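Novice: This is the content of coords25.cif (mmCIF, C-alpha atoms):
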```cif
data_coords
#
loop_
_atom_site.label_atom_id
_atom_site.label_comp_id
_atom_site.auth_asym_id
_atom_site.auth_seq_id
_atom_site.Cartn_x
_atom_site.Cartn_y
_atom_site.Cartn_z
CA MET D 1 -137.81 -26.78 227.76
CA SER D 2 -138.59 -23.47 226.24
CA ALA D 3 -138.38 -22.81 222.56
CA THR D 4 -137.17 -19.52 221.34
CA SER D 5 -138.56 -18.31 218.12
CA ALA D 6 -136.43 -16.12 215.92
CA THR D 7 -138.31 -13.65 213.86
CA ALA D 8 -136.92 -13.21 210.34
CA PRO D 9 -136.33 -9.64 209.41
CA ARG D 10 -138.81 -8.27 206.96
CA THR D 11 -137.46 -7.35 203.58
CA THR D 12 -139.18 -4.48 201.92
CA SER D 13 -138.93 -4.14 198.17
CA PRO D 14 -137.66 -0.77 197.02
CA PRO D 15 -140.22 1.52 195.45
CA PRO D 16 -140.32 1.46 191.67
CA ALA D 17 -137.83 3.81 190.18
CA ALA D 18 -139.30 6.97 188.76
CA PRO D 19 -138.90 7.31 185.01
CA SER D 20 -135.77 9.17 184.12
CA PRO D 21 -136.36 12.68 182.82
CA SER D 22 -134.02 11.92 179.94
CA HIS D 23 -136.24 9.03 178.83
CA GLY D 24 -139.24 11.33 178.81
CA ARG D 25 -137.41 13.89 176.73
CA ARG D 26 -136.36 11.22 174.26
CA MET D 27 -139.95 10.03 173.91
CA VAL D 28 -141.17 13.56 173.26
CA ALA D 29 -138.35 14.06 170.75
CA VAL D 30 -139.36 10.92 168.85
CA VAL D 31 -143.05 11.88 168.87
CA LEU D 32 -142.24 15.32 167.47
CA LEU D 33 -139.41 14.32 165.13
CA VAL D 34 -141.30 11.70 163.12
CA PRO D 35 -144.06 14.08 161.93
CA VAL D 36 -141.42 16.70 161.09
CA LEU D 37 -139.51 14.20 158.94
CA VAL D 38 -142.73 13.11 157.23
CA ALA D 39 -143.63 16.74 156.53
CA LEU D 40 -140.17 17.39 155.09
CA ALA D 41 -140.38 14.30 152.89
CA LEU D 42 -143.83 15.27 151.59
CA TRP D 43 -142.65 18.81 150.93
CA ALA D 44 -139.50 17.66 149.12
CA PHE D 45 -141.24 15.07 146.94
CA ALA D 46 -144.82 16.30 146.54
CA TRP D 47 -144.33 20.05 146.18
CA PRO D 48 -142.04 19.94 143.09
CA ALA D 49 -144.25 17.27 141.51
CA ALA D 50 -147.38 19.36 142.09
CA ARG D 51 -145.76 22.47 140.60
CA THR D 52 -144.29 20.81 137.50
CA ALA D 53 -144.43 23.32 134.65
CA PRO D 54 -141.96 24.96 132.27
CA HIS D 55 -139.89 27.72 133.87
CA ASP D 56 -137.63 29.48 131.34
CA LEU D 57 -137.39 26.24 129.38
CA PRO D 58 -134.85 26.74 126.53
CA LEU D 59 -136.73 26.49 123.24
CA GLY D 60 -135.54 27.38 119.76
CA VAL D 61 -137.39 29.20 117.00
CA ALA D 62 -135.98 28.85 113.49
CA GLY D 63 -136.74 30.75 110.32
CA SER D 64 -136.85 34.30 109.06
CA ALA D 65 -137.85 37.08 111.44
CA THR D 66 -141.10 37.64 109.54
CA ALA D 67 -142.07 33.97 109.55
CA THR D 68 -141.28 33.41 113.21
CA ALA D 69 -142.78 36.63 114.61
CA GLN D 70 -146.20 35.13 115.23
CA VAL D 71 -144.72 31.92 116.68
CA GLU D 72 -142.55 33.88 119.10
CA GLN D 73 -145.46 36.08 120.12
CA ARG D 74 -147.59 33.08 121.03
CA LEU D 75 -144.78 31.39 122.97
CA GLU D 76 -143.90 34.55 124.86
CA ALA D 77 -147.56 34.95 125.80
CA ARG D 78 -146.95 32.16 128.32
CA GLU D 79 -144.94 34.49 130.51
CA GLY D 80 -141.92 32.85 132.12
CA ALA D 81 -142.54 29.47 130.50
CA PHE D 82 -139.98 29.53 127.67
CA GLU D 83 -136.57 31.02 127.06
CA ILE D 84 -136.56 31.70 123.33
CA HIS D 85 -133.41 31.08 121.27
CA ARG D 86 -133.51 32.30 117.67
CA TYR D 87 -131.88 30.40 114.78
CA ALA D 88 -131.59 31.17 111.10
CA ASP D 89 -132.76 27.80 109.82
CA GLU D 90 -133.64 24.22 110.70
CA SER D 91 -130.04 23.01 110.47
CA ALA D 92 -128.88 25.49 113.11
CA ALA D 93 -131.78 24.50 115.35
CA ARG D 94 -130.89 20.82 115.03
CA ASP D 95 -127.29 21.58 116.01
CA ALA D 96 -128.51 23.45 119.09
CA ILE D 97 -130.65 20.50 120.13
CA GLU D 98 -127.78 18.06 119.68
CA ASP D 99 -125.53 20.37 121.74
CA ARG D 100 -128.18 20.44 124.51
CA THR D 101 -128.57 24.20 124.21
CA VAL D 102 -132.35 23.86 123.76
CA TYR D 103 -134.85 21.06 124.37
CA GLY D 104 -136.56 21.54 121.03
CA ALA D 105 -137.31 24.05 118.30
CA VAL D 106 -140.23 25.32 116.29
CA VAL D 107 -139.34 25.77 112.62
CA ALA D 108 -141.50 28.14 110.62
CA THR D 109 -142.14 26.66 107.17
CA GLU D 110 -144.48 27.46 104.26
CA ARG D 111 -146.70 24.54 105.29
CA GLY D 112 -146.91 25.72 108.89
CA PRO D 113 -144.88 25.10 112.03
CA LYS D 114 -142.60 22.08 112.25
CA LEU D 115 -141.53 20.85 115.67
CA LEU D 116 -138.09 19.42 116.48
CA THR D 117 -137.79 17.59 119.82
CA ALA D 118 -135.28 15.49 121.73
CA SER D 119 -136.99 12.82 123.78
CA ALA D 120 -133.57 11.69 124.99
CA ALA D 121 -133.23 15.01 126.85
CA SER D 122 -136.66 14.57 128.43
CA PRO D 123 -139.66 12.61 127.16
CA VAL D 124 -141.91 14.77 129.35
CA VAL D 125 -140.65 17.98 127.76
CA ALA D 126 -140.95 16.52 124.26
CA GLN D 127 -144.59 15.66 124.90
CA LEU D 128 -145.25 19.07 126.47
CA LEU D 129 -143.80 20.88 123.44
CA GLN D 130 -145.89 18.81 121.06
CA GLN D 131 -149.05 19.67 122.97
CA ALA D 132 -148.17 23.36 123.18
CA VAL D 133 -147.34 23.75 119.48
CA THR D 134 -150.39 21.73 118.42
CA GLN D 135 -152.58 23.98 120.54
CA GLN D 136 -151.06 27.10 118.98
CA ALA D 137 -151.66 25.64 115.51
CA GLY D 138 -155.39 25.47 116.25
CA GLY D 139 -155.42 21.76 116.92
CA THR D 140 -154.14 20.74 113.50
CA GLN D 141 -151.55 18.00 113.33
CA VAL D 142 -148.01 19.39 113.52
CA GLN D 143 -145.12 17.59 111.85
CA THR D 144 -142.81 16.44 114.64
CA VAL D 145 -139.26 15.14 114.29
CA ASP D 146 -137.43 13.53 117.21
CA VAL D 147 -133.87 14.69 116.56
CA VAL D 148 -132.30 12.77 119.48
CA PRO D 149 -134.62 9.91 120.45
CA THR D 150 -134.40 7.67 123.45
CA SER D 151 -133.45 4.04 123.13
CA ALA D 152 -135.96 1.87 121.29
CA ASP D 153 -135.82 -0.53 124.25
CA ASP D 154 -136.74 2.28 126.67
CA PRO D 155 -138.82 4.83 124.73
CA ARG D 156 -140.06 6.62 127.85
CA GLY D 157 -136.63 6.90 129.45
CA ALA D 158 -137.86 5.08 132.54
CA ALA D 159 -134.62 3.16 133.12
CA LEU D 160 -132.49 6.32 133.21
CA THR D 161 -134.97 8.02 135.53
CA SER D 162 -135.05 4.99 137.80
CA SER D 163 -131.26 4.92 138.10
CA VAL D 164 -131.13 8.07 140.24
CA LEU D 165 -132.48 6.52 143.43
CA PRO D 166 -130.38 3.30 143.32
CA MET D 167 -127.18 5.30 142.76
CA ALA D 168 -128.03 7.54 145.73
CA LEU D 169 -128.84 4.52 147.90
CA ALA D 170 -125.63 2.77 146.86
CA GLY D 171 -123.61 5.87 147.73
CA ILE D 172 -125.29 6.31 151.11
CA GLY D 173 -124.83 2.62 151.88
CA ALA D 174 -121.15 2.63 150.93
CA GLY D 175 -120.43 5.73 152.98
CA ALA D 176 -122.26 4.33 155.99
CA VAL D 177 -120.57 0.91 155.82
CA VAL D 178 -117.10 2.41 155.52
CA THR D 179 -117.81 4.56 158.58
CA LEU D 180 -119.36 1.81 160.72
CA LEU D 181 -116.52 -0.58 159.90
CA GLY D 182 -114.08 1.96 161.27
CA LEU D 183 -112.10 2.40 158.06
CA ARG D 184 -110.11 5.63 158.06
CA GLY D 185 -107.61 7.48 155.96
CA TRP D 186 -106.38 5.87 152.79
CA ARG D 187 -108.18 2.60 153.57
CA ALA D 188 -111.51 4.42 153.62
CA VAL D 189 -110.66 6.26 150.40
CA GLY D 190 -109.66 3.01 148.68
CA ALA D 191 -112.85 1.28 149.81
CA LEU D 192 -115.05 4.14 148.61
CA VAL D 193 -113.35 4.40 145.20
CA GLY D 194 -113.34 0.62 144.69
CA ALA D 195 -116.99 0.25 145.64
CA ALA D 196 -118.02 3.12 143.34
CA ALA D 197 -116.10 1.64 140.41
CA LEU D 198 -117.80 -1.74 140.85
CA VAL D 199 -121.22 -0.11 141.22
CA GLY D 200 -120.65 1.82 137.99
CA ALA D 201 -119.65 -1.31 136.08
CA VAL D 202 -122.60 -3.33 137.38
CA ALA D 203 -125.08 -0.53 136.69
CA ALA D 204 -123.78 -0.03 133.14
CA ALA D 205 -123.94 -3.77 132.52
CA ILE D 206 -127.60 -3.79 133.56
CA ALA D 207 -128.79 -0.54 131.95
CA ASP D 208 -126.77 -0.77 128.74
CA SER D 209 -125.70 -4.34 128.04
CA TRP D 210 -128.84 -6.06 129.36
CA LEU D 211 -131.77 -3.60 129.18
CA GLY D 212 -130.45 -1.57 126.26
CA ALA D 213 -131.79 1.62 127.87
CA LEU D 214 -128.50 3.49 127.36
CA THR D 215 -126.93 3.79 123.92
CA GLY D 216 -123.66 5.66 124.45
CA ASN D 217 -120.10 4.59 125.11
CA TRP D 218 -120.18 1.82 127.69
CA TRP D 219 -117.10 2.98 129.59
CA ALA D 220 -118.31 6.57 129.72
CA GLU D 221 -121.63 5.39 131.13
CA ALA D 222 -119.91 3.17 133.71
CA GLY D 223 -117.63 6.05 134.67
CA THR D 224 -120.60 8.39 135.07
CA LEU D 225 -122.53 5.95 137.23
CA GLY D 226 -119.44 5.24 139.32
CA LEU D 227 -118.64 8.94 139.75
CA SER D 228 -122.24 9.62 140.79
CA THR D 229 -121.98 6.92 143.44
CA LEU D 230 -118.60 8.14 144.64
CA ALA D 231 -119.86 11.72 144.98
CA VAL D 232 -122.61 10.54 147.33
CA SER D 233 -120.57 7.99 149.29
CA ALA D 234 -117.63 10.35 149.77
CA ALA D 235 -119.95 13.10 150.99
CA VAL D 236 -121.62 10.77 153.52
CA ALA D 237 -118.32 9.30 154.74
CA GLY D 238 -116.72 12.77 154.88
CA LEU D 239 -119.54 14.19 157.00
CA ALA D 240 -119.32 11.16 159.29
CA ALA D 241 -115.54 11.60 159.61
CA LEU D 242 -116.02 15.22 160.70
CA PHE D 243 -119.20 15.00 162.79
CA GLY D 244 -119.35 11.35 163.84
CA THR D 245 -122.27 9.00 163.24
CA PRO D 246 -124.82 11.86 162.94
CA GLY D 247 -122.97 12.83 159.77
CA ILE D 248 -124.40 9.72 158.08
CA GLY D 249 -127.93 10.95 158.78
CA LEU D 250 -127.07 14.44 157.55
CA GLY D 251 -125.61 13.10 154.31
CA ALA D 252 -128.56 10.77 153.75
CA PHE D 253 -130.97 13.66 154.35
CA VAL D 254 -129.28 15.88 151.78
CA MET D 255 -128.99 13.17 149.11
CA MET D 256 -132.38 11.52 149.59
CA LEU D 257 -134.77 14.28 150.69
CA LEU D 258 -133.20 17.02 148.57
CA GLY D 259 -131.01 15.50 145.87
CA ASN D 260 -133.46 12.86 144.66
CA PRO D 261 -136.69 14.90 144.26
CA PHE D 262 -134.79 18.01 143.15
CA SER D 263 -132.83 16.13 140.46
CA GLY D 264 -135.38 16.72 137.69
CA ALA D 265 -134.50 13.31 136.26
CA SER D 266 -138.13 12.39 135.61
CA SER D 267 -138.83 15.64 133.71
CA ALA D 268 -136.17 18.37 133.49
CA PRO D 269 -134.61 20.86 135.91
CA GLU D 270 -136.49 23.67 134.12
CA MET D 271 -139.78 21.89 134.83
CA LEU D 272 -139.34 22.27 138.60
CA PRO D 273 -140.29 25.37 140.58
CA GLU D 274 -137.49 27.86 141.17
CA PRO D 275 -134.96 27.54 142.69
CA VAL D 276 -135.46 23.78 143.10
CA GLY D 277 -134.19 22.92 139.63
CA VAL D 278 -130.96 24.89 140.13
CA ILE D 279 -130.33 23.43 143.59
CA GLY D 280 -130.91 19.93 142.23
CA GLN D 281 -128.15 20.37 139.64
CA TRP D 282 -125.71 21.33 142.42
CA LEU D 283 -126.32 17.98 144.15
CA PRO D 284 -124.94 14.61 142.96
CA PRO D 285 -128.25 12.95 141.96
CA GLY D 286 -129.23 15.79 139.63
CA ALA D 287 -125.74 16.28 138.22
CA GLY D 288 -125.40 12.52 137.73
CA ALA D 289 -128.67 12.26 135.78
CA SER D 290 -127.70 15.19 133.51
CA LEU D 291 -124.24 13.75 132.88
CA LEU D 292 -125.67 10.31 132.10
CA ARG D 293 -128.01 11.79 129.49
CA SER D 294 -125.11 13.68 127.91
CA VAL D 295 -122.75 10.71 127.60
CA SER D 296 -125.45 8.22 126.63
CA PHE D 297 -127.39 10.15 123.97
CA PHE D 298 -125.58 13.41 123.10
CA ASP D 299 -121.95 12.30 122.60
CA GLY D 300 -120.88 14.17 125.75
CA ALA D 301 -122.46 17.52 124.87
CA ALA D 302 -122.97 19.79 127.91
CA ALA D 303 -121.17 17.25 130.10
CA ALA D 304 -118.56 19.60 131.59
CA GLY D 305 -120.83 21.26 134.15
CA PRO D 306 -122.33 18.16 135.79
CA ALA D 307 -118.99 16.30 135.59
CA LEU D 308 -117.28 19.14 137.45
CA THR D 309 -120.06 19.16 140.08
CA LEU D 310 -119.67 15.44 140.74
CA THR D 311 -115.89 15.72 140.84
CA TRP D 312 -116.04 18.50 143.42
CA TRP D 313 -118.39 16.51 145.64
CA ALA D 314 -116.13 13.45 145.41
CA ALA D 315 -112.94 15.45 146.03
CA LEU D 316 -114.36 17.39 148.97
CA GLY D 317 -115.84 14.24 150.49
CA LEU D 318 -112.62 12.26 150.21
CA GLY D 319 -110.69 15.25 151.54
CA ALA D 320 -113.02 15.37 154.55
CA VAL D 321 -112.39 11.66 155.15
CA MET D 322 -108.64 12.26 155.23
CA LEU D 323 -109.03 15.37 157.40
CA GLY D 324 -111.25 13.57 159.89
CA SER D 325 -108.73 10.74 160.13
CA ALA D 326 -105.88 13.19 160.76
CA LEU D 327 -107.85 15.02 163.46
CA ARG D 328 -108.72 11.75 165.15
CA ARG D 329 -105.04 10.72 165.24
CA ARG D 330 -104.09 14.07 166.71
CA LYS D 331 -106.68 13.77 169.48
CA ALA D 332 -105.68 10.18 170.34
CA PRO D 333 -103.75 10.05 173.67
CA ALA D 334 -100.06 9.37 173.33
CA GLU D 335 -98.93 5.93 174.46
CA PRO D 336 -97.11 6.06 177.81
CA VAL D 337 -93.37 5.62 177.44
CA ALA D 338 -91.94 3.03 179.80
CA GLU D 339 -89.50 4.55 182.25
CA ARG D 340 -86.05 3.07 182.17
CA GLU D 341 -84.80 1.61 185.42
CA PRO D 342 -81.69 3.52 186.57
CA ALA D 343 -78.51 1.54 186.32
CA ARG D 344 -77.25 0.19 189.62
CA VAL D 345 -73.78 1.04 190.68
CA GLY D 346 -72.18 -2.20 191.94
#
```
Output the file's structure in the form of structure tokens.
Specialist:
Amino acid sequence: MSATSATAPRTTSPPPAAPSPSHGRRMVAVVLLVPVLVALALWAFAWPAARTAPHDLPLGVAGSATATAQVEQRLEAREGAFEIHRYADESAARDAIEDRTVYGAVVATERGPKLLTASAASPVVAQLLQQAVTQQAGGTQVQTVDVVPTSADDPRGAALTSSVLPMALAGIGAGAVVTLLGLRGWRAVGALVGAAALVGAVAAAIADSWLGALTGNWWAEAGTLGLSTLAVSAAVAGLAALFGTPGIGLGAFVMMLLGNPFSGASSAPEMLPEPVGVIGQWLPPGAGASLLRSVSFFDGAAAAGPALTLTWWAALGLGAVMLGSALRRRKAPAEPVAEREPARVG
């Protein structure tokens, strides 16, 4: 009896798949993109901070032409630092400070220079002016009057300065969530407006009612904080509606890496290198900080410009949301219409 042995066929494992060229390109893109983003962030945040100095800072000089001649000459010696506004007397200079036309004023008196400041406009600028005028007076103590002070509960204005980043983050988050949840059209608009209104109320309750850092009309402050949030969230959602998910990244880049460090909230727009200060006031974080100072400490003085900037950002962003929704509906394939079965002739 012979036994037949069956040989099992050998199975050879396939060779390991070669890495896809697309994966290699993605890896190279990540390796190169991260340092670029870090460099951009350092440039946006560190460069303005390292170049902080007065650039055409509005400053008043009050008194007769003879009495103020020497003061003006010394201030103008710092070429490009100050933009001099001349006033007849101390009362006119105070009015200009309260209207946010100037950050402070030097009043020429018989006893020497008297300095008027507004720490509510910028504690950093108020301190800078005091140092500059004291230095010009030969180191002698200069009488200083804070015409529009900050809140006693927040003498350095830290709470207002710190509100810029949370409002930007809230706006970016709201715009991203609305996009990722697939809300479109009027539903997206309603969600963005509702979220911004609640953010404004909560922020005002914390900064004004609890911390006491803001001293103006509560509803005006809540409206300002809400409008600042809406300007950011509408811009992010609008870019996403037009360009897809990458629009979220583009909006976040503009608001965080440009709007936040260029806002001048921690000092003043005129303390940033040109044209950073101007650009910052065209973006929601900078406009929002300026508007919040106006409504909280200056009874709404100089509020029209930043309010209009925020309104335009909100309107254009919400308009882009509606436009993107309309374009998406137009591109959607039409539903097939069921063909009717022809009637049978019996």
Novice: Evaluate the PyMOL selection byres ((chain D and resi 290) around 10) and record the selected residues as number ranges by chain, following the chain and residue labels used in the document.
Specialist: D: 121, 224, 263-265, 268-269, 281, 284-289, 291-295, 302-303, 305-307
Novice: Store the residues picked out above, limited to C-alpha atoms, as a PDB file, in the coordinates of the input.
Specialist:
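Full text of again_16.pdb as output:
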```pdb
ATOM      1  CA  ALA D 121    -133.230  15.010 126.850  1.00  0.00           C
ATOM      2  CA  THR D 224    -120.600   8.390 135.070  1.00  0.00           C
ATOM      3  CA  SER D 263    -132.830  16.130 140.460  1.00  0.00           C
ATOM      4  CA  GLY D 264    -135.380  16.720 137.690  1.00  0.00           C
ATOM      5  CA  ALA D 265    -134.500  13.310 136.260  1.00  0.00           C
ATOM      6  CA  ALA D 268    -136.170  18.370 133.490  1.00  0.00           C
ATOM      7  CA  PRO D 269    -134.610  20.860 135.910  1.00  0.00           C
ATOM      8  CA  GLN D 281    -128.150  20.370 139.640  1.00  0.00           C
ATOM      9  CA  PRO D 284    -124.940  14.610 142.960  1.00  0.00           C
ATOM     10  CA  PRO D 285    -128.250  12.950 141.960  1.00  0.00           C
ATOM     11  CA  GLY D 286    -129.230  15.790 139.630  1.00  0.00           C
ATOM     12  CA  ALA D 287    -125.740  16.280 138.220  1.00  0.00           C
ATOM     13  CA  GLY D 288    -125.400  12.520 137.730  1.00  0.00           C
ATOM     14  CA  ALA D 289    -128.670  12.260 135.780  1.00  0.00           C
ATOM     15  CA  LEU D 291    -124.240  13.750 132.880  1.00  0.00           C
ATOM     16  CA  LEU D 292    -125.670  10.310 132.100  1.00  0.00           C
ATOM     17  CA  ARG D 293    -128.010  11.790 129.490  1.00  0.00           C
ATOM     18  CA  SER D 294    -125.110  13.680 127.910  1.00  0.00           C
ATOM     19  CA  VAL D 295    -122.750  10.710 127.600  1.00  0.00           C
ATOM     20  CA  ALA D 302    -122.970  19.790 127.910  1.00  0.00           C
ATOM     21  CA  ALA D 303    -121.170  17.250 130.100  1.00  0.00           C
ATOM     22  CA  GLY D 305    -120.830  21.260 134.150  1.00  0.00           C
ATOM     23  CA  PRO D 306    -122.330  18.160 135.790  1.00  0.00           C
ATOM     24  CA  ALA D 307    -118.990  16.300 135.590  1.00  0.00           C
TER      25      ALA D 307
END
```
Novice: Nearest to Gly277 (chain D) among D:Arg26, D:Asp99, D:Leu225, D:Pro48, with distances taken over all atoms listed in the file: which residue is it?
Specialist: D:Pro48
Novice: If you apply the PyMOL selection byres ((chain D and resi 93) around 10) to this file, what residues do you get, as a PyMOL selection string?
Specialist: chain D and resi 59-63+85-92+94-99+101-102+104-107+116
Novice: Between D:Ala203, D:Val142, D:Ala126, D:Ala65, which residue has the minimum interatomic distance to Ser267 (chain D), considering all atoms listed in the file?
Specialist: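 Once distances to Ser267 (chain D) are computed over all atoms listed in the file, the minimum belongs to D:Ala126.
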Novice: Please return the centre and edge lengths, in Å to one decimal, of a box with edges along x, y and z that contains all listed atoms of region 147-165 of chain D, widened by 8 Å on every side, as JSON.
Specialist:
```
{"center_x": -135.6, "center_y": 7.1, "center_z": 130.0, "size_x": 24.9, "size_y": 31.2, "size_z": 42.9}
```
Novice: Run the PyMOL selection byres ((chain D and resi 170-175) around 7) mentally over the shown coordinates, then write out the matched residues as a ChimeraX atom specification, using the chain letters and numbers from the document.
Specialist: /D:166-169,176-179,192,229-230,232-234,236-237,252
